[in-house]
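Quick look at query10.txt (compact mmCIF, C-alpha atoms):
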# COMPACT_ATOMS: atom_id res chain seq x y z
CA MET A 151 20.38 37.66 -5.90
CA CYS A 152 22.21 38.13 -2.60
CA ARG A 153 24.47 35.36 -1.39
CA SER A 154 22.37 34.66 1.71
CA CYS A 155 19.16 34.53 -0.36
CA ARG A 156 20.75 32.07 -2.79
CA ALA A 157 21.99 29.95 0.10
CA ARG A 158 18.49 29.84 1.61
CA GLU A 159 17.00 28.88 -1.75
CA GLU A 160 19.55 26.10 -2.25
CA SER A 161 18.95 24.91 1.28
CA GLY A 162 15.21 24.84 0.63
CA VAL A 163 15.63 22.81 -2.57
CA SER A 164 18.01 20.43 -0.82
CA GLY A 165 15.57 20.02 2.05
CA MET A 166 12.74 19.29 -0.39
CA LYS A 167 14.80 16.61 -2.12
CA ARG A 168 15.61 15.02 1.24
CA ASN A 169 11.91 14.97 2.16
CA VAL A 170 11.00 13.34 -1.15
CA LEU A 171 13.75 10.73 -0.68
CA ARG A 172 12.61 10.03 2.89
CA GLY A 173 9.05 9.61 1.65
CA VAL A 174 10.07 7.25 -1.13
CA MET A 175 12.20 5.15 1.23
CA THR A 176 9.37 5.02 3.77
CA GLU A 177 6.90 3.87 1.11
CA ALA A 178 9.35 1.23 -0.09
CA ILE A 179 10.00 -0.12 3.42
CA GLY A 180 6.34 -0.08 4.47
CA THR A 181 5.14 -1.75 1.25
CA PHE A 182 7.90 -4.35 1.50
CA PHE A 183 6.88 -5.47 4.99
CA LEU A 184 3.17 -5.35 4.17
CA VAL A 185 3.63 -7.54 1.08
CA LEU A 186 6.13 -9.76 2.92
CA THR A 187 3.49 -10.39 5.58
CA VAL A 188 0.84 -11.12 2.96
CA GLY A 189 3.13 -13.59 1.22
CA CYS A 190 4.21 -15.35 4.42
CA VAL A 191 0.70 -15.85 5.79
CA LEU A 192 -0.64 -17.05 2.43
CA PHE A 193 2.25 -19.43 1.80
CA SER A 194 1.98 -20.83 5.33
CA LYS A 195 -1.86 -20.88 5.23
CA ALA A 196 -1.94 -19.11 8.59
CA ALA A 197 -5.35 -19.20 10.28
CA LEU A 198 -5.07 -15.58 11.42
CA ALA A 199 -3.91 -14.27 8.04
CA PRO A 200 -6.39 -11.34 7.84
CA LEU A 201 -5.44 -10.17 11.34
CA ALA A 202 -1.71 -10.40 10.61
CA ILE A 203 -2.10 -8.40 7.38
CA GLY A 204 -4.22 -5.73 9.04
CA LEU A 205 -1.77 -5.43 11.93
CA ALA A 206 1.20 -5.19 9.56
CA LEU A 207 -0.48 -2.35 7.69
CA MET A 208 -1.43 -0.59 10.94
CA ILE A 209 2.13 -0.81 12.26
CA MET A 210 3.65 0.52 9.05
CA VAL A 211 1.10 3.35 8.84
CA TYR A 212 1.98 4.47 12.36
CA ALA A 213 5.69 4.10 11.59
CA GLY A 214 5.71 6.10 8.38
CA GLY A 215 2.49 8.09 8.24
CA HIS A 216 4.17 11.29 9.41
CA ILE A 217 6.88 10.95 6.75
CA SER A 218 5.20 9.77 3.55
CA GLY A 219 1.53 9.58 4.46
CA GLY A 220 1.81 5.81 4.94
CA HIS A 221 0.10 4.83 1.69
CA TYR A 222 1.87 1.55 0.77
CA ASN A 223 -0.77 1.15 -1.92
CA PRO A 224 -0.92 2.73 -5.40
CA ALA A 225 -4.70 3.02 -5.11
CA VAL A 226 -4.39 5.03 -1.90
CA THR A 227 -1.74 7.26 -3.47
CA LEU A 228 -4.12 7.87 -6.39
CA GLY A 229 -6.88 8.85 -3.96
CA VAL A 230 -4.57 11.24 -2.14
CA LEU A 231 -3.46 12.70 -5.50
CA ILE A 232 -7.07 13.27 -6.58
CA ARG A 233 -7.65 15.05 -3.30
CA SER A 234 -4.63 17.28 -4.11
CA LYS A 235 -2.76 16.24 -0.97
CA ILE A 236 0.28 15.13 -2.96
CA SER A 237 2.01 16.32 -6.14
CA TRP A 238 2.14 14.32 -9.37
CA GLN A 239 5.91 13.99 -9.07
CA ARG A 240 5.75 12.60 -5.56
CA ALA A 241 2.85 10.30 -6.45
CA VAL A 242 4.83 8.77 -9.33
CA ALA A 243 7.84 8.32 -7.03
CA HIS A 244 5.60 6.57 -4.48
CA TRP A 245 4.14 4.28 -7.16
CA VAL A 246 7.59 3.22 -8.35
CA ALA A 247 8.72 2.54 -4.77
CA GLN A 248 5.57 0.59 -3.93
CA VAL A 249 5.63 -1.66 -7.00
CA ALA A 250 9.38 -2.29 -6.84
CA SER A 251 9.35 -3.23 -3.15
CA ALA A 252 6.28 -5.44 -3.63
CA ALA A 253 7.97 -7.30 -6.47
CA LEU A 254 10.93 -7.94 -4.15
CA ALA A 255 8.94 -8.88 -1.03
CA THR A 256 6.93 -11.85 -2.30
CA PRO A 257 9.95 -13.87 -3.53
CA VAL A 258 11.54 -13.24 -0.14
CA ALA A 259 8.38 -14.55 1.55
CA ARG A 260 8.45 -17.62 -0.66
CA TYR A 261 12.09 -18.24 0.24
CA LEU A 262 11.33 -17.87 3.97
CA ILE A 263 8.33 -20.21 4.00
CA ASP A 264 9.29 -22.49 1.07
CA PRO A 265 5.78 -23.83 0.40
CA ASP A 266 5.51 -27.26 -1.24
CA ARG A 267 2.69 -26.19 -3.51
CA VAL A 268 1.24 -22.77 -4.35
CA ARG A 269 -2.44 -22.48 -5.17
CA THR A 270 -2.81 -19.94 -7.96
CA LEU A 271 -5.96 -17.82 -7.77
CA SER A 272 -7.47 -17.70 -11.29
CA PRO A 273 -11.24 -17.13 -11.17
CA SER A 274 -13.61 -18.22 -13.95
CA VAL A 275 -15.65 -15.72 -15.98
CA ARG A 276 -18.49 -15.46 -13.46
CA ALA A 277 -16.11 -15.57 -10.51
CA THR A 278 -14.05 -12.82 -12.18
CA CYS A 279 -17.04 -10.45 -12.09
CA ILE A 280 -17.60 -11.24 -8.42
CA ALA A 281 -13.90 -10.83 -7.61
CA LEU A 282 -13.78 -7.53 -9.48
CA LEU A 283 -16.76 -6.21 -7.52
CA ALA A 284 -15.27 -7.39 -4.21
CA GLU A 285 -11.91 -5.77 -4.95
CA PHE A 286 -13.56 -2.53 -6.07
CA LEU A 287 -15.79 -2.24 -3.01
CA PHE A 288 -13.13 -2.88 -0.39
CA THR A 289 -10.44 -0.90 -2.19
CA PHE A 290 -12.92 1.97 -2.27
CA ALA A 291 -13.59 1.45 1.44
CA LEU A 292 -9.86 1.47 2.22
CA VAL A 293 -9.19 4.67 0.26
CA HIS A 294 -12.32 6.28 1.73
CA VAL A 295 -11.19 5.52 5.28
CA MET A 296 -7.62 6.60 4.55
CA LEU A 297 -8.70 9.97 3.15
CA ASN A 298 -11.09 10.67 6.01
CA VAL A 299 -8.89 9.66 8.93
CA ALA A 300 -5.43 10.62 7.64
CA THR A 301 -5.96 13.64 5.37
CA SER A 302 -9.04 15.34 6.79
CA SER A 303 -8.67 18.71 8.52
CA ASP A 304 -11.60 17.88 10.82
CA HIS A 305 -9.37 15.82 13.13
CA PRO A 306 -5.75 16.48 12.10
CA HIS A 307 -4.19 15.22 15.33
CA ASN A 308 -6.13 11.98 15.83
CA GLY A 309 -4.30 8.93 17.10
CA PHE A 310 -6.60 6.29 15.62
CA TYR A 311 -5.86 6.63 11.92
CA GLY A 312 -3.50 3.64 11.73
CA LEU A 313 -5.93 1.41 13.60
CA ALA A 314 -8.84 2.42 11.35
CA ILE A 315 -6.84 1.77 8.18
CA GLY A 316 -5.46 -1.58 9.36
CA LEU A 317 -8.86 -2.82 10.53
CA THR A 318 -10.43 -1.89 7.19
CA VAL A 319 -8.06 -4.28 5.47
CA THR A 320 -8.70 -6.94 8.12
CA ALA A 321 -12.46 -6.64 7.64
CA GLY A 322 -12.13 -6.84 3.87
CA ALA A 323 -9.80 -9.84 4.00
CA VAL A 324 -12.20 -11.73 6.28
CA ALA A 325 -15.24 -10.75 4.23
CA VAL A 326 -14.06 -11.40 0.67
CA GLY A 327 -10.55 -12.86 0.91
CA GLY A 328 -11.89 -16.21 -0.22
CA VAL A 329 -13.66 -14.58 -3.17
CA SER A 330 -11.02 -12.31 -4.67
CA GLY A 331 -7.85 -12.96 -2.69
CA GLY A 332 -8.37 -9.76 -0.72
CA ALA A 333 -5.58 -7.70 -2.28
CA PHE A 334 -7.23 -4.22 -2.30
CA ASN A 335 -3.78 -3.07 -3.40
CA PRO A 336 -2.22 -3.19 -6.89
CA ALA A 337 1.26 -3.54 -5.37
CA VAL A 338 0.16 -6.65 -3.43
CA ALA A 339 -1.39 -8.09 -6.60
CA ILE A 340 1.78 -7.48 -8.65
CA GLY A 341 3.97 -9.03 -5.99
CA SER A 342 1.66 -12.01 -5.63
CA ALA A 343 1.48 -12.59 -9.38
CA ALA A 344 5.27 -12.69 -9.48
CA THR A 345 5.29 -15.88 -7.40
CA GLY A 346 2.14 -17.55 -8.66
CA LEU A 347 -0.33 -16.63 -5.91
CA PHE A 348 -2.41 -14.72 -8.46
CA ALA A 349 -2.64 -15.67 -12.13
CA SER A 350 -0.83 -13.02 -14.17
CA ALA A 351 -3.71 -12.93 -16.68
CA LYS A 352 -6.11 -11.93 -13.86
CA ILE A 353 -3.96 -9.18 -12.34
CA TRP A 354 -6.14 -6.48 -13.94
CA ILE A 355 -8.85 -7.35 -11.40

Can you turn what I pasted into structure tokens?
Amino acid sequence: MCRSCRAREESGVSGMKRNVLRGVMTEAIGTFFLVLTVGCVLFSKAALAPLAIGLALMIMVYAGGHISGGHYNPAVTLGVLIRSKISWQRAVAHWVAQVASAALATPVARYLIDPDRVRTLSPSVRATCIALLAEFLFTFALVHVMLNVATSSDHPHNGFYGLAIGLTVTAGAVAVGGVSGGAFNPAVAIGSAATGLFASAKIWI
């Protein structure tokens, strides 16, 4: 192989590694601030919690969508993987970044707000079925919207994708937040379970 060809190949591999690292860092930062917002508004019992969460997601999607896709949610990454818009290797890297940053963000939120008492969400048997259905439906809605506004070739240069994704979470949180906790995101659930917002035994929901 000629020296220039080898140099180009090495440069291409190096560039690919940098892109993967940028994507992982973007997912970690975006998930951290999303979960931090969730924790802060829940610990402080903020009246506009659903709006704050939706806005936080929208902001992070606009900030990092062009770098990593702006998933910040293992379920969304799975949907993008199924649609073959991301490789297995990158999907696994995103999942690790999302879960790790979520596990870090909720304790930080608890330290910032320092709530006197945390109400742990632990639904009964019947309530578990309802919560499971609510989480399934609105997680499906979130992934459906994400795939159609952020990965579709029908409107590749739209400027509304972040708003659509953020408002989907806002709508879900208002509609069923009181039923299931309104996570729609395994990373949010893991982070919340770490500080007692969700019962660890119910995290599978």

Would you mind listing, for every residue of segment 203-293 of chain A within 7 Å of segment 310-316 of chain A, the two atoms forming the shortest contact and the distance between them in Å to one decimal, using all atoms listed in the file, sorted by chain and ascending residue number, as JSON lines?
{"residue": "A:Gly204", "atom": "CA", "partner": "A:Gly316", "partner_atom": "CA", "distance": 4.3}
{"residue": "A:Leu205", "atom": "CA", "partner": "A:Gly316", "partner_atom": "CA", "distance": 5.9}
{"residue": "A:Leu207", "atom": "CA", "partner": "A:Gly316", "partner_atom": "CA", "distance": 5.3}
{"residue": "A:Met208", "atom": "CA", "partner": "A:Gly316", "partner_atom": "CA", "distance": 4.4}
{"residue": "A:Val211", "atom": "CA", "partner": "A:Gly312", "partner_atom": "CA", "distance": 5.4}
{"residue": "A:Tyr212", "atom": "CA", "partner": "A:Gly312", "partner_atom": "CA", "distance": 5.6}
{"residue": "A:Leu292", "atom": "CA", "partner": "A:Ile315", "partner_atom": "CA", "distance": 6.7}

For the residues in the current selection, export C-alpha atoms as a short mmCIF file (atom, residue, chain, number, x, y, z; two decimals), keeping the file's coordinate frame.
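The result, stored in selection-v4.cif:
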data_model
loop_
_atom_site.label_atom_id
_atom_site.label_comp_id
_atom_site.auth_asym_id
_atom_site.auth_seq_id
_atom_site.Cartn_x
_atom_site.Cartn_y
_atom_site.Cartn_z
CA GLY A 204 -4.22 -5.73 9.04
CA LEU A 205 -1.77 -5.43 11.93
CA LEU A 207 -0.48 -2.35 7.69
CA MET A 208 -1.43 -0.59 10.94
CA VAL A 211 1.10 3.35 8.84
CA TYR A 212 1.98 4.47 12.36
CA LEU A 292 -9.86 1.47 2.22
#

task: Check the smallest atom-to-atom distance from each of A:Val185, A:Cys190, A:Ala333, A:Val326 to Trp354 of chain A using all atoms listed in the file, then report the winner.
output: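 Selected residue with least distance to Trp354 of chain A: A:Ala333.
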
Contacts of segment 255-272 of chain A within 7 Å, only C-alpha atoms, excl. fewer than 3 positions in-chain, as a ChimeraX atom specification: /A:182,185-186,189-190,193-194,251-252,341-342,345-349,352

task: Name the residues in contact with Gly214 of chain A at a cut-off of 12 Å, using all atoms listed in the file, excluding same-chain residues fewer than 3 positions from it; report them as a ChimeraX atom specification.
output: /A:172-181,207-211,217-222,312

Using the selection just defined, write its residues with C-alpha atoms as a CSV table (one decimal), keeping the file's coordinate frame.
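Contents of result31.csv, freshly written:
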chain,number,residue,atom,x,y,z
A,172,ARG,CA,12.6,10.0,2.9
A,173,GLY,CA,9.0,9.6,1.6
A,174,VAL,CA,10.1,7.2,-1.1
A,175,MET,CA,12.2,5.2,1.2
A,176,THR,CA,9.4,5.0,3.8
A,177,GLU,CA,6.9,3.9,1.1
A,178,ALA,CA,9.4,1.2,-0.1
A,179,ILE,CA,10.0,-0.1,3.4
A,180,GLY,CA,6.3,-0.1,4.5
A,181,THR,CA,5.1,-1.8,1.2
A,207,LEU,CA,-0.5,-2.4,7.7
A,208,MET,CA,-1.4,-0.6,10.9
A,209,ILE,CA,2.1,-0.8,12.3
A,210,MET,CA,3.6,0.5,9.0
A,211,VAL,CA,1.1,3.4,8.8
A,217,ILE,CA,6.9,11.0,6.8
A,218,SER,CA,5.2,9.8,3.6
A,219,GLY,CA,1.5,9.6,4.5
A,220,GLY,CA,1.8,5.8,4.9
A,221,HIS,CA,0.1,4.8,1.7
A,222,TYR,CA,1.9,1.6,0.8
A,312,GLY,CA,-3.5,3.6,11.7

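Between atom CA of Ala337 of chain A and atom CA of Val170 of chain A there is a distance of 19.9 Å.
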
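Between atom CA of Leu297 of chain A and atom CA of Phe334 of chain A the separation is 15.3 Å.
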
message: Quick check, in Å to one decimal: how far apart do atom CA of Ile203 of chain A and atom CA of Ala243 of chain A lie?
response: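 One can read the atom CA of Ile203 of chain A to atom CA of Ala243 of chain A distance as 24.2 Å.
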
field: Surrounding residues of segment 238-242 of chain A excluding itself and chain neighbours under 5 positions, 8 Å, all atoms listed in the file, as a list of chain:residue names
entry: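 Once the nearby chain positions are removed, what remains is A:Val170, A:Thr227, A:Leu228, A:Leu231.
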
For the residues in the current selection, export C-alpha atoms as a CSV table (one decimal), keeping the file's coordinate frame.
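Output file out18.csv follows:
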chain,number,residue,atom,x,y,z
A,170,VAL,CA,11.0,13.3,-1.2
A,227,THR,CA,-1.7,7.3,-3.5
A,228,LEU,CA,-4.1,7.9,-6.4
A,231,LEU,CA,-3.5,12.7,-5.5

- request: Go ahead and find all residues with at least one atom no further than 12 Å from (-3.6, 21.2, 3.0) in the file's coordinates, using only C-alpha atoms; report them as a ChimeraX atom specification.
  value: /A:230,233-237,300-304,306

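In this comparison, which uses all atoms listed in the file, the residue of A:Ala199, A:Val324, A:Ala344, A:Leu254 approaching Phe183 of chain A most closely is A:Leu254.
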
Between segment 330-353 of chain A and segment 282-289 of chain A, at 12 Å or less, what are the per-residue closest atom pairs and their distances in Å? Count all atoms listed in the file, order by chain and rising residue number, and return it as a tab-separated table.
residue	atom	partner	partner_atom	distance
A:Ser330	CA	A:Ala284	CA	6.5
A:Gly331	CA	A:Glu285	CA	8.6
A:Gly332	CA	A:Glu285	CA	6.8
A:Ala333	CA	A:Glu285	CA	7.1
A:Phe334	CA	A:Thr289	CA	4.6
A:Asn335	CA	A:Thr289	CA	7.1
A:Pro336	CA	A:Thr289	CA	9.7
A:Ala339	CA	A:Glu285	CA	10.9
A:Lys352	CA	A:Leu282	CA	9.9
A:Ile353	CA	A:Leu282	CA	10.4

message: Please determine, counting only C-alpha atoms, which residue among A:His305, A:Val299, A:Leu317, A:Ala351 has the shortest atom-to-atom distance to Gly215 of chain A.
response: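 Answer, going by the shortest atom-to-atom distance: A:Val299.
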
field: Given all atoms listed in the file as the counted atoms, nearest of A:Ala250, A:Leu192, A:Val338, A:Val329 to Arg276 of chain A
entry: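 For Arg276 of chain A, the nearest of the candidates is A:Val329.
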